[in-house]
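final25.txt, holding compact mmCIF, C-alpha atoms and all ligand atoms:
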```txt
# COMPACT_ATOMS: atom_id res chain seq x y z
CA MET X 38 14.64 -62.47 26.47
CA THR X 39 15.72 -59.46 24.50
CA ALA X 40 13.38 -56.58 23.61
CA ALA X 41 12.40 -56.25 19.98
CA PRO X 42 14.63 -53.63 18.39
CA SER X 43 12.81 -50.34 18.10
CA PRO X 44 12.75 -48.84 14.62
CA VAL X 45 15.75 -46.63 14.05
CA PRO X 46 14.59 -43.10 13.22
CA ALA X 47 15.93 -41.76 9.94
CA PRO X 48 18.84 -39.42 10.61
CA PRO X 49 18.13 -35.77 9.85
CA PRO X 50 19.51 -34.68 6.47
CA ALA X 51 23.13 -33.56 6.76
CA PRO X 52 23.43 -29.78 6.52
CA ALA X 53 24.50 -28.56 3.09
CA PRO X 54 27.96 -26.98 2.80
CA PRO X 55 28.08 -23.18 3.16
CA LEU X 56 27.14 -21.28 0.02
CA ASP X 57 30.03 -19.90 -1.97
CA LEU X 58 28.51 -16.53 -2.76
CA GLN X 59 29.55 -13.94 -5.33
CA ARG X 60 31.09 -10.73 -4.00
CA ALA X 61 30.52 -7.19 -5.21
CA HIS X 62 31.11 -3.60 -4.17
CA ALA X 63 29.48 -0.29 -5.03
CA GLU X 64 31.49 2.11 -7.20
CA GLY X 65 29.68 5.42 -7.45
CA THR X 66 26.21 4.40 -8.57
CA THR X 67 27.26 1.10 -10.11
CA LEU X 68 27.65 -2.39 -8.77
CA VAL X 69 30.92 -4.15 -9.57
CA PHE X 70 31.31 -7.90 -9.11
CA ASP X 71 34.72 -9.31 -8.24
CA THR X 72 34.43 -12.04 -10.87
CA PRO X 73 33.18 -11.94 -14.47
CA GLY X 74 29.70 -13.45 -14.63
CA GLY X 75 29.12 -12.50 -10.99
CA LEU X 76 25.74 -10.84 -11.57
CA PRO X 77 24.08 -13.79 -13.37
CA ARG X 78 25.42 -16.13 -10.69
CA ALA X 79 24.05 -13.86 -7.94
CA LEU X 80 20.62 -13.71 -9.64
CA ALA X 81 20.51 -17.52 -9.82
CA ASP X 82 21.75 -17.93 -6.22
CA GLY X 83 19.19 -15.42 -4.93
CA CYS X 84 21.88 -13.59 -2.97
CA PHE X 85 25.44 -12.25 -2.91
CA ARG X 86 27.84 -10.42 -0.62
CA LEU X 87 28.20 -6.66 -0.89
CA ALA X 88 31.19 -4.86 0.64
CA VAL X 89 30.14 -2.37 3.31
CA PRO X 90 31.08 0.96 1.66
CA PRO X 91 33.67 3.16 3.32
CA GLY X 92 31.74 5.74 5.33
CA LEU X 93 28.96 3.37 6.37
CA ASP X 94 29.45 2.70 10.07
CA PRO X 95 27.21 -0.17 11.24
CA THR X 96 27.67 0.68 14.95
CA PRO X 97 24.33 2.54 15.41
CA GLY X 98 22.47 -0.44 13.90
CA LEU X 99 24.16 -2.85 16.28
CA THR X 100 23.41 -0.58 19.22
CA LEU X 101 19.75 -0.44 18.20
CA CYS X 102 19.50 -4.25 17.98
CA ARG X 103 21.07 -4.68 21.41
CA GLU X 104 19.00 -1.96 23.09
CA PHE X 105 15.54 -1.58 21.51
CA HIS X 106 13.99 -4.29 23.68
CA ARG X 107 15.26 -2.79 26.95
CA PRO X 108 13.39 -0.18 28.98
CA ALA X 109 14.48 3.43 28.49
CA ALA X 110 14.07 4.35 32.17
CA GLY X 111 17.43 4.53 33.89
CA ALA X 112 19.42 4.23 30.63
CA PRO X 113 22.52 6.39 30.13
CA ALA X 114 21.60 9.46 28.01
CA ARG X 115 23.52 8.09 25.00
CA LEU X 116 21.36 4.93 24.89
CA ARG X 117 17.98 6.46 25.72
CA PRO X 118 16.97 7.09 22.06
CA TYR X 119 17.77 3.43 21.27
CA ARG X 120 15.62 1.92 24.03
CA GLY X 121 12.01 1.59 25.07
CA TYR X 122 10.56 0.25 21.80
CA ARG X 123 8.62 -2.69 23.25
CA ASP X 124 5.69 -0.40 24.05
CA ARG X 125 5.60 1.22 20.62
CA GLU X 126 2.75 -0.43 18.84
CA GLY X 127 3.16 -0.55 15.06
CA LEU X 128 6.97 -0.43 15.33
CA TYR X 129 7.68 -3.42 17.61
CA PHE X 130 6.76 -7.05 16.79
CA ASP X 131 7.02 -9.98 19.16
CA ARG X 132 6.89 -13.03 16.88
CA GLU X 133 5.35 -15.36 19.43
CA HIS X 134 6.24 -18.65 17.66
CA PHE X 135 9.89 -17.70 17.13
CA GLN X 136 12.90 -16.35 18.98
CA THR X 137 12.89 -13.17 16.95
CA GLU X 138 11.50 -9.88 18.15
CA HIS X 139 11.98 -6.98 15.79
CA LEU X 140 11.39 -3.39 14.89
CA LEU X 141 10.01 -2.52 11.48
CA LEU X 142 10.02 1.13 10.45
CA ASP X 143 9.30 2.69 7.09
CA ALA X 144 11.15 5.83 5.98
CA PRO X 145 8.80 8.41 7.62
CA ALA X 146 8.86 6.48 10.92
CA ARG X 147 12.66 6.37 10.86
CA ALA X 148 12.85 10.13 10.38
CA ARG X 149 10.49 10.58 13.34
CA HIS X 150 11.96 8.09 15.81
CA PHE X 151 15.66 7.53 15.12
CA PRO X 152 18.56 9.63 16.45
CA PRO X 153 20.58 11.34 13.65
CA GLU X 154 23.53 8.91 13.46
CA LEU X 155 21.17 5.91 13.26
CA TYR X 156 18.95 7.62 10.70
CA ALA X 157 22.01 8.40 8.54
CA MET X 158 23.05 4.74 8.62
CA THR X 159 19.58 3.41 7.73
CA GLU X 160 19.24 5.83 4.80
CA HIS X 161 22.68 4.84 3.52
CA MET X 162 21.61 1.16 3.59
CA SER X 163 18.31 2.05 1.95
CA ALA X 164 20.19 3.85 -0.84
CA LEU X 165 22.22 0.66 -1.37
CA THR X 166 19.01 -1.36 -1.89
CA LEU X 167 18.09 1.07 -4.71
CA LEU X 168 21.56 0.93 -6.21
CA VAL X 169 21.26 -2.87 -6.38
CA LEU X 170 17.69 -2.69 -7.73
CA ARG X 171 18.78 -0.37 -10.55
CA ALA X 172 21.91 -2.41 -11.29
CA VAL X 173 19.87 -5.60 -11.64
CA LEU X 174 17.19 -3.97 -13.83
CA THR X 175 20.02 -2.66 -16.02
CA GLY X 176 21.75 -6.07 -16.08
CA LEU X 177 18.50 -7.76 -17.10
CA GLY X 178 18.04 -5.27 -19.94
CA VAL X 179 14.72 -3.93 -18.60
CA PRO X 180 14.06 -0.64 -20.45
CA GLU X 181 14.40 2.30 -18.05
CA THR X 182 11.01 3.63 -19.21
CA LEU X 183 9.38 0.65 -17.43
CA TRP X 184 11.22 0.86 -14.11
CA THR X 185 8.75 3.13 -12.33
CA THR X 186 5.71 1.13 -13.38
CA VAL X 187 7.06 -2.33 -12.66
CA THR X 188 8.47 -1.38 -9.25
CA GLY X 189 5.47 0.71 -8.19
CA GLY X 190 7.85 3.68 -7.94
CA ALA X 191 10.19 1.81 -5.54
CA VAL X 192 13.11 2.54 -7.84
CA GLU X 193 12.72 6.26 -7.03
CA GLY X 194 12.14 5.66 -3.34
CA ARG X 195 8.35 5.76 -3.64
CA GLY X 196 7.77 2.15 -2.58
CA THR X 197 7.88 0.95 1.00
CA HIS X 198 11.43 1.15 2.26
CA TRP X 199 11.56 -0.83 5.46
CA PHE X 200 14.28 -1.06 8.03
CA ALA X 201 14.28 -4.02 10.42
CA ALA X 202 16.25 -4.54 13.62
CA ASN X 203 16.17 -8.19 14.77
CA HIS X 204 16.98 -9.63 18.20
CA TYR X 205 16.94 -13.40 18.78
CA ARG X 206 15.98 -14.44 22.33
CA PRO X 207 18.08 -17.56 23.04
CA GLU X 208 16.11 -18.41 26.19
CA ARG X 209 13.10 -19.28 23.99
CA ASP X 210 12.99 -22.92 22.89
CA ARG X 211 11.80 -22.03 19.40
CA PRO X 212 13.24 -21.64 15.87
CA GLY X 213 15.07 -18.34 15.38
CA CYS X 214 12.96 -17.11 12.50
CA ALA X 215 10.45 -18.70 10.13
CA PRO X 216 11.49 -19.92 6.70
CA HIS X 217 10.48 -17.14 4.34
CA GLN X 218 11.26 -15.15 1.26
CA ASP X 219 11.46 -11.41 1.73
CA THR X 220 8.43 -9.89 0.04
CA GLY X 221 10.00 -7.07 -1.95
CA PHE X 222 12.78 -6.59 -4.49
CA VAL X 223 16.08 -6.23 -2.63
CA THR X 224 17.27 -6.70 0.96
CA VAL X 225 20.60 -5.51 2.33
CA LEU X 226 21.27 -7.44 5.54
CA HIS X 227 23.95 -6.92 8.17
CA LEU X 228 24.90 -9.91 10.29
CA GLN X 229 27.81 -10.82 12.46
CA GLU X 230 26.82 -14.13 14.00
CA PRO X 231 26.09 -17.40 12.15
CA GLY X 232 22.53 -18.76 12.15
CA LEU X 233 21.16 -17.65 8.78
CA GLU X 234 20.40 -20.57 6.45
CA ALA X 235 19.33 -20.72 2.80
CA ALA X 236 17.12 -23.40 1.25
CA THR X 237 19.08 -25.37 -1.33
CA GLY X 238 16.06 -26.75 -3.19
CA ASN X 239 16.72 -30.38 -2.25
CA GLY X 240 15.33 -30.24 1.30
CA THR X 241 18.57 -29.17 2.97
CA TRP X 242 19.62 -25.80 4.38
CA ALA X 243 23.00 -24.24 3.72
CA PRO X 244 24.59 -21.85 6.22
CA VAL X 245 25.06 -18.27 5.07
CA ASP X 246 27.69 -17.18 7.55
CA PRO X 247 28.78 -13.59 7.99
CA LEU X 248 31.83 -12.34 6.14
CA PRO X 249 33.44 -9.40 7.98
CA GLY X 250 33.03 -6.11 6.13
CA HIS X 251 30.19 -7.43 3.95
CA PHE X 252 26.43 -7.30 3.85
CA VAL X 253 24.38 -10.18 2.51
CA VAL X 254 22.09 -8.97 -0.28
CA ASN X 255 19.13 -11.14 -1.16
CA PHE X 256 16.30 -10.87 -3.64
CA GLY X 257 12.63 -11.04 -2.68
CA ALA X 258 9.40 -12.48 -4.02
CA ALA X 259 8.29 -9.36 -5.92
CA PHE X 260 11.51 -9.50 -7.96
CA GLU X 261 11.07 -13.21 -8.66
CA LEU X 262 7.50 -12.62 -9.83
CA LEU X 263 8.57 -9.66 -11.97
CA THR X 264 11.26 -11.64 -13.79
CA GLU X 265 9.96 -15.21 -13.81
CA ASP X 266 9.15 -15.24 -17.55
CA LEU X 267 12.51 -13.75 -18.56
CA PRO X 268 15.38 -15.89 -19.82
CA ARG X 269 17.42 -15.05 -16.69
CA PRO X 270 14.96 -14.82 -13.80
CA VAL X 271 15.90 -13.47 -10.38
CA ARG X 272 15.59 -16.09 -7.67
CA ALA X 273 14.00 -15.07 -4.36
CA LEU X 274 16.07 -16.67 -1.61
CA THR X 275 14.11 -18.83 0.84
CA HIS X 276 15.87 -18.41 4.17
CA ARG X 277 15.43 -18.94 7.89
CA VAL X 278 17.37 -18.48 11.12
CA ARG X 279 18.06 -21.63 13.10
CA GLN X 280 17.46 -21.75 16.85
CA CYS X 281 20.08 -19.70 18.69
CA VAL X 282 21.42 -21.32 21.86
CA PRO X 283 22.27 -19.32 25.00
CA ARG X 284 25.96 -18.35 25.05
CA PRO X 285 26.82 -17.19 28.56
CA GLY X 286 28.94 -14.04 28.50
CA GLU X 287 28.32 -13.51 24.75
CA PRO X 288 25.84 -11.04 23.27
CA ASP X 289 22.60 -12.42 21.77
CA ARG X 290 22.39 -12.86 18.00
CA VAL X 291 21.17 -9.73 16.22
CA SER X 292 20.84 -8.58 12.61
CA PHE X 293 19.48 -5.56 10.78
CA ALA X 294 18.33 -4.95 7.24
CA ALA X 295 17.05 -2.41 4.73
CA PHE X 296 14.41 -3.47 2.20
CA ALA X 297 13.28 -2.00 -1.13
CA ASN X 298 9.66 -3.10 -1.51
CA PRO X 299 6.79 -2.16 -3.79
CA PRO X 300 4.05 -0.02 -2.24
CA ALA X 301 1.55 -1.98 -0.12
CA THR X 302 -1.31 -1.07 -2.43
CA GLY X 303 -1.50 -1.43 -6.20
CA ASP X 304 -0.26 -4.27 -8.36
CA LEU X 305 2.82 -6.42 -8.61
CA TYR X 306 4.07 -6.76 -12.18
CA ARG X 307 5.48 -9.43 -14.47
CA LEU X 308 7.76 -8.72 -17.45
CA ARG X 309 7.40 -10.62 -20.70
CA PRO X 310 10.33 -11.56 -22.94
CA ASP X 311 8.79 -9.33 -25.66
CA GLY X 312 9.65 -6.31 -23.48
CA THR X 313 6.14 -5.58 -22.18
CA ALA X 314 5.01 -5.49 -18.53
CA HIS X 315 1.68 -6.65 -17.10
CA PRO X 316 0.02 -6.52 -13.67
CA ALA X 317 0.34 -10.00 -12.10
CA ARG X 318 -1.49 -9.74 -8.78
CA SER X 319 -2.56 -7.33 -6.08
CA SER X 320 0.09 -6.33 -3.57
CA GLU X 321 -2.40 -6.48 -0.69
CA GLU X 322 -3.50 -10.03 -1.39
CA PHE X 323 0.11 -11.11 -1.76
CA LEU X 324 1.15 -9.53 1.57
CA ARG X 325 -1.83 -10.92 3.46
CA GLU X 326 -0.97 -14.40 2.22
CA PHE X 327 2.66 -13.92 3.16
CA ASN X 328 1.93 -12.72 6.71
CA ALA X 329 -0.38 -15.68 7.40
CA ARG X 330 1.99 -18.26 5.93
CA THR X 331 5.13 -16.94 7.60
CA TRP X 332 4.16 -15.84 11.08
CA SER X 333 0.70 -17.28 11.92
CA ASP X 334 0.32 -14.61 14.59
CA HIS X 335 -1.96 -11.73 15.45
CA TYR X 336 -0.17 -9.28 13.15
CA ALA X 337 -1.50 -11.01 10.00
CA ASP X 338 -3.54 -7.98 8.89
CA PHE X 339 -1.09 -5.36 10.03
CA GLY X 340 -1.06 -2.36 7.79
CA ILE X 341 -3.10 -3.93 5.02
CA ALA X 342 -6.76 -3.20 5.78
CA ASP X 343 -6.23 0.51 6.38
CA THR X 344 -3.78 0.91 3.46
CA ALA X 345 -0.87 1.74 5.78
CA PRO X 346 2.35 0.02 4.68
CA ALA X 347 2.24 -3.71 5.32
CA ALA X 348 4.90 -5.56 7.23
CA PRO X 349 7.59 -6.83 4.90
CA GLY X 350 8.33 -10.26 6.32
CA ALA X 351 10.73 -11.54 8.85
CA ALA X 352 11.33 -8.70 8.45
CA PRO X 353 9.96 -8.37 5.77
O1 LIG A 401 18.71 -12.49 11.07
C1 LIG A 401 18.95 -12.89 9.94
O2 LIG A 401 20.05 -13.36 9.63
C2 LIG A 401 17.88 -12.86 8.86
C3 LIG A 401 16.83 -11.83 9.05
C4 LIG A 401 15.83 -11.84 7.95
O3 LIG A 401 15.68 -12.78 7.22
C5 LIG A 401 15.00 -10.65 7.71
O4 LIG A 401 15.11 -9.67 8.48
O5 LIG A 401 14.23 -10.69 6.72
FE FE A 402 14.44 -12.24 5.49
```
Written as structure tokens, how would this file's structure read?
Amino acid sequence: MTAAPSPVPAPPPAPAPPLDLQRAHAEGTTLVFDTPGGLPRALADGCFRLAVPPGLDPTPGLTLCREFHRPAAGAPARLRPYRGYRDREGLYFDREHFQTEHLLLDAPARARHFPPELYAMTEHMSALTLLVLRAVLTGLGVPETLWTTVTGGAVEGRGTHWFAANHYRPERDRPGCAPHQDTGFVTVLHLQEPGLEAATGNGTWAPVDPLPGHFVVNFGAAFELLTEDLPRPVRALTHRVRQCVPRPGEPDRVSFAAFANPPATGDLYRLRPDGTAHPARSSEEFLREFNARTWSDHYADFGIADTAPAAPGAAP
């Protein structure tokens, strides 16, 4: 007698092909796309690739990602300022349901804690987030007189300008990082290992693999909200990091990013096609919702109740 055939489980959806992203570089204070129509395509894709400018050395960021989770005691002098962050409450986050552990520092915390070469790199990346923010506002035809109001001052560096250093612990049998949208306007992300995936909108995830010499820039939820009633809205990229597997003899996956976000208090705005801007919702409520939905961990209220800056997301 033969056993009744067991139902065949549906195969998982095939992964989507890698995204063919637009490429741009910074020229002075402007953003230049390699192809005509590059900016509208990037806004619709929710992301694009930005050439790492000459003079921006990513080495200190990589060192931080590889070292921050290690104890400082016994470290060579050169690495000591990069280590010992696990005990620093408010800077270090162990995302218990995911492989990621990360540092999140706003601009004043970076000035206080980072060695000079690392600080210089993070501020250069942060300046790039503002260059992109201004370029997109210009490209969308948003009158400059509205920029300060609708970004909560972020456009002049008065928002919350996070820096995140991410380390994925391959020994944890968990997803790398939760599906999320970054909460702010613009993220400039450095990666050198695959693992990042973007939602395609039809239930599949497309790899966003690193391209040497390029950052990945993506837009966040505050930008989507701001522009959703305009004829050419900015799409906030929903992304995640798939589970990283142990690779003996190879370094763990790391990434680091700078974020231009609105301030944690006050309102998020929405632009109307008639050229006016209106408060859409409270920043605090939005961030609280985001933290709970994305991480479901004990940091859900971090920075919100006491009006300190709120955590941006997977980093933000
Ligand atoms: O590690 C990555 O590739 C993505 C990190 C990320 O999404 C974030 O820091 O917001
Ligand atoms: Fe993210």
Kindly provide the residues of chain X that approach ligand LIG 401 (chain A) to within 8 Å, each paired with its closest atom pair and their distance in Å to one decimal, based on only C-alpha atoms and all ligand atoms, listed by chain and increasing number, as JSON lines.
```
{"residue": "X:Ala201", "atom": "CA", "partner": "A:LIG401", "partner_atom": "O4", "distance": 6.0}
{"residue": "X:Ala202", "atom": "CA", "partner": "A:LIG401", "partner_atom": "O4", "distance": 7.4}
{"residue": "X:Asn203", "atom": "CA", "partner": "A:LIG401", "partner_atom": "O1", "distance": 6.2}
{"residue": "X:His204", "atom": "CA", "partner": "A:LIG401", "partner_atom": "O1", "distance": 7.9}
{"residue": "X:Tyr205", "atom": "CA", "partner": "A:LIG401", "partner_atom": "O1", "distance": 8.0}
{"residue": "X:Cys214", "atom": "CA", "partner": "A:LIG401", "partner_atom": "O3", "distance": 7.4}
{"residue": "X:His217", "atom": "CA", "partner": "A:LIG401", "partner_atom": "O3", "distance": 7.4}
{"residue": "X:Gln218", "atom": "CA", "partner": "A:LIG401", "partner_atom": "O5", "distance": 7.7}
{"residue": "X:Asp219", "atom": "CA", "partner": "A:LIG401", "partner_atom": "O5", "distance": 5.8}
{"residue": "X:Thr224", "atom": "CA", "partner": "A:LIG401", "partner_atom": "O5", "distance": 7.6}
{"residue": "X:Leu226", "atom": "CA", "partner": "A:LIG401", "partner_atom": "C3", "distance": 7.2}
{"residue": "X:His227", "atom": "CA", "partner": "A:LIG401", "partner_atom": "O2", "distance": 7.7}
{"residue": "X:Leu228", "atom": "CA", "partner": "A:LIG401", "partner_atom": "O2", "distance": 6.0}
{"residue": "X:Pro231", "atom": "CA", "partner": "A:LIG401", "partner_atom": "O2", "distance": 7.7}
{"residue": "X:Gly232", "atom": "CA", "partner": "A:LIG401", "partner_atom": "O2", "distance": 6.5}
{"residue": "X:Leu233", "atom": "CA", "partner": "A:LIG401", "partner_atom": "O2", "distance": 4.5}
{"residue": "X:Glu234", "atom": "CA", "partner": "A:LIG401", "partner_atom": "O2", "distance": 7.9}
{"residue": "X:His276", "atom": "CA", "partner": "A:LIG401", "partner_atom": "O3", "distance": 6.4}
{"residue": "X:Arg277", "atom": "CA", "partner": "A:LIG401", "partner_atom": "O3", "distance": 6.2}
{"residue": "X:Val278", "atom": "CA", "partner": "A:LIG401", "partner_atom": "C1", "distance": 5.9}
{"residue": "X:Arg290", "atom": "CA", "partner": "A:LIG401", "partner_atom": "O1", "distance": 7.9}
{"residue": "X:Val291", "atom": "CA", "partner": "A:LIG401", "partner_atom": "O1", "distance": 6.3}
{"residue": "X:Ser292", "atom": "CA", "partner": "A:LIG401", "partner_atom": "O1", "distance": 4.7}
{"residue": "X:Phe293", "atom": "CA", "partner": "A:LIG401", "partner_atom": "O4", "distance": 6.4}
{"residue": "X:Ala294", "atom": "CA", "partner": "A:LIG401", "partner_atom": "O4", "distance": 5.8}
{"residue": "X:Pro349", "atom": "CA", "partner": "A:LIG401", "partner_atom": "O5", "distance": 7.9}
{"residue": "X:Gly350", "atom": "CA", "partner": "A:LIG401", "partner_atom": "O5", "distance": 5.9}
{"residue": "X:Ala351", "atom": "CA", "partner": "A:LIG401", "partner_atom": "O5", "distance": 4.2}
{"residue": "X:Ala352", "atom": "CA", "partner": "A:LIG401", "partner_atom": "O4", "distance": 3.9}
{"residue": "X:Pro353", "atom": "CA", "partner": "A:LIG401", "partner_atom": "O5", "distance": 5.0}
```
In Å and to one decimal, atom CA of Arg120 of chain X is distant from atom CA of Trp199 of chain X by 19.2 Å
Need to verify the contact set: Glu322 of chain X, 10 Å, all atoms listed in the file, exclusion of same-chain residues closer than 2 positions in sequence. Can you return it as a PDB file with C-alpha atoms, in the coordinates of the input?
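The resulting file, result33.pdb, is shown below:
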```pdb
ATOM      1  CA  ALA X 301       1.550  -1.980  -0.120  1.00  0.00           C
ATOM      2  CA  THR X 302      -1.310  -1.070  -2.430  1.00  0.00           C
ATOM      3  CA  ASP X 304      -0.260  -4.270  -8.360  1.00  0.00           C
ATOM      4  CA  ARG X 318      -1.490  -9.740  -8.780  1.00  0.00           C
ATOM      5  CA  SER X 319      -2.560  -7.330  -6.080  1.00  0.00           C
ATOM      6  CA  SER X 320       0.090  -6.330  -3.570  1.00  0.00           C
ATOM      7  CA  LEU X 324       1.150  -9.530   1.570  1.00  0.00           C
ATOM      8  CA  ARG X 325      -1.830 -10.920   3.460  1.00  0.00           C
ATOM      9  CA  GLU X 326      -0.970 -14.400   2.220  1.00  0.00           C
ATOM     10  CA  PHE X 327       2.660 -13.920   3.160  1.00  0.00           C
ATOM     11  CA  ILE X 341      -3.100  -3.930   5.020  1.00  0.00           C
TER      12      ILE X 341
END
```
Suppose you want the space between atom CA of Ser163 of chain X and atom CA of Arg107 of chain X; what is it in Å?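 Pair atom CA of Ser163 of chain X / atom CA of Arg107 of chain X returns 25.6 Å.
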Counting all atoms listed in the file, figure out which residue out of X:Gly65, X:Pro52, X:Gly98, X:Pro180 gets nearest to Gln229 of chain X.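 Selected residue with least distance to Gln229 of chain X: X:Gly98.
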Which of these residues is nearest to ligand FE 402 (chain A), using only C-alpha atoms and all ligand atoms: X:Pro54, X:Trp184, X:Phe200, X:Gly189?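 For ligand FE 402 (chain A), the nearest of the candidates is X:Phe200.
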Have a look at atom CA of Arg269 of chain X and atom CA of His62 of chain X and let me know their distance in Å, one decimal.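 Atom-to-atom, atom CA of Arg269 of chain X and atom CA of His62 of chain X are spaced 21.8 Å apart.
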Hey, can I get the axis-aligned box for segment 71-86 of chain X? All listed atoms, 6 Å padding on each side, centre and edge lengths in Å to one decimal, as JSON.
```
{"center_x": 27.0, "center_y": -13.6, "center_z": -7.6, "size_x": 27.5, "size_y": 20.6, "size_z": 26.0}
```
Best match for closeness to ligand FE 402 (chain A) among X:Leu267, X:Ala314, X:Val89, X:Ala235, counting all atoms listed in the file: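 Answer, going by the shortest atom-to-atom distance: X:Ala235.
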Could you tell me, as number ranges by chain, which residues have any atom at most 8 Å from (12.0, -16.2, 21.9), counting all atoms listed in the file? X: 132-138, 205-211, 213
Shell around Arg117 of chain X at 9 Å using all atoms listed in the file, local window under 6 positions removed, as a ChimeraX atom specification: /X:104,108-111
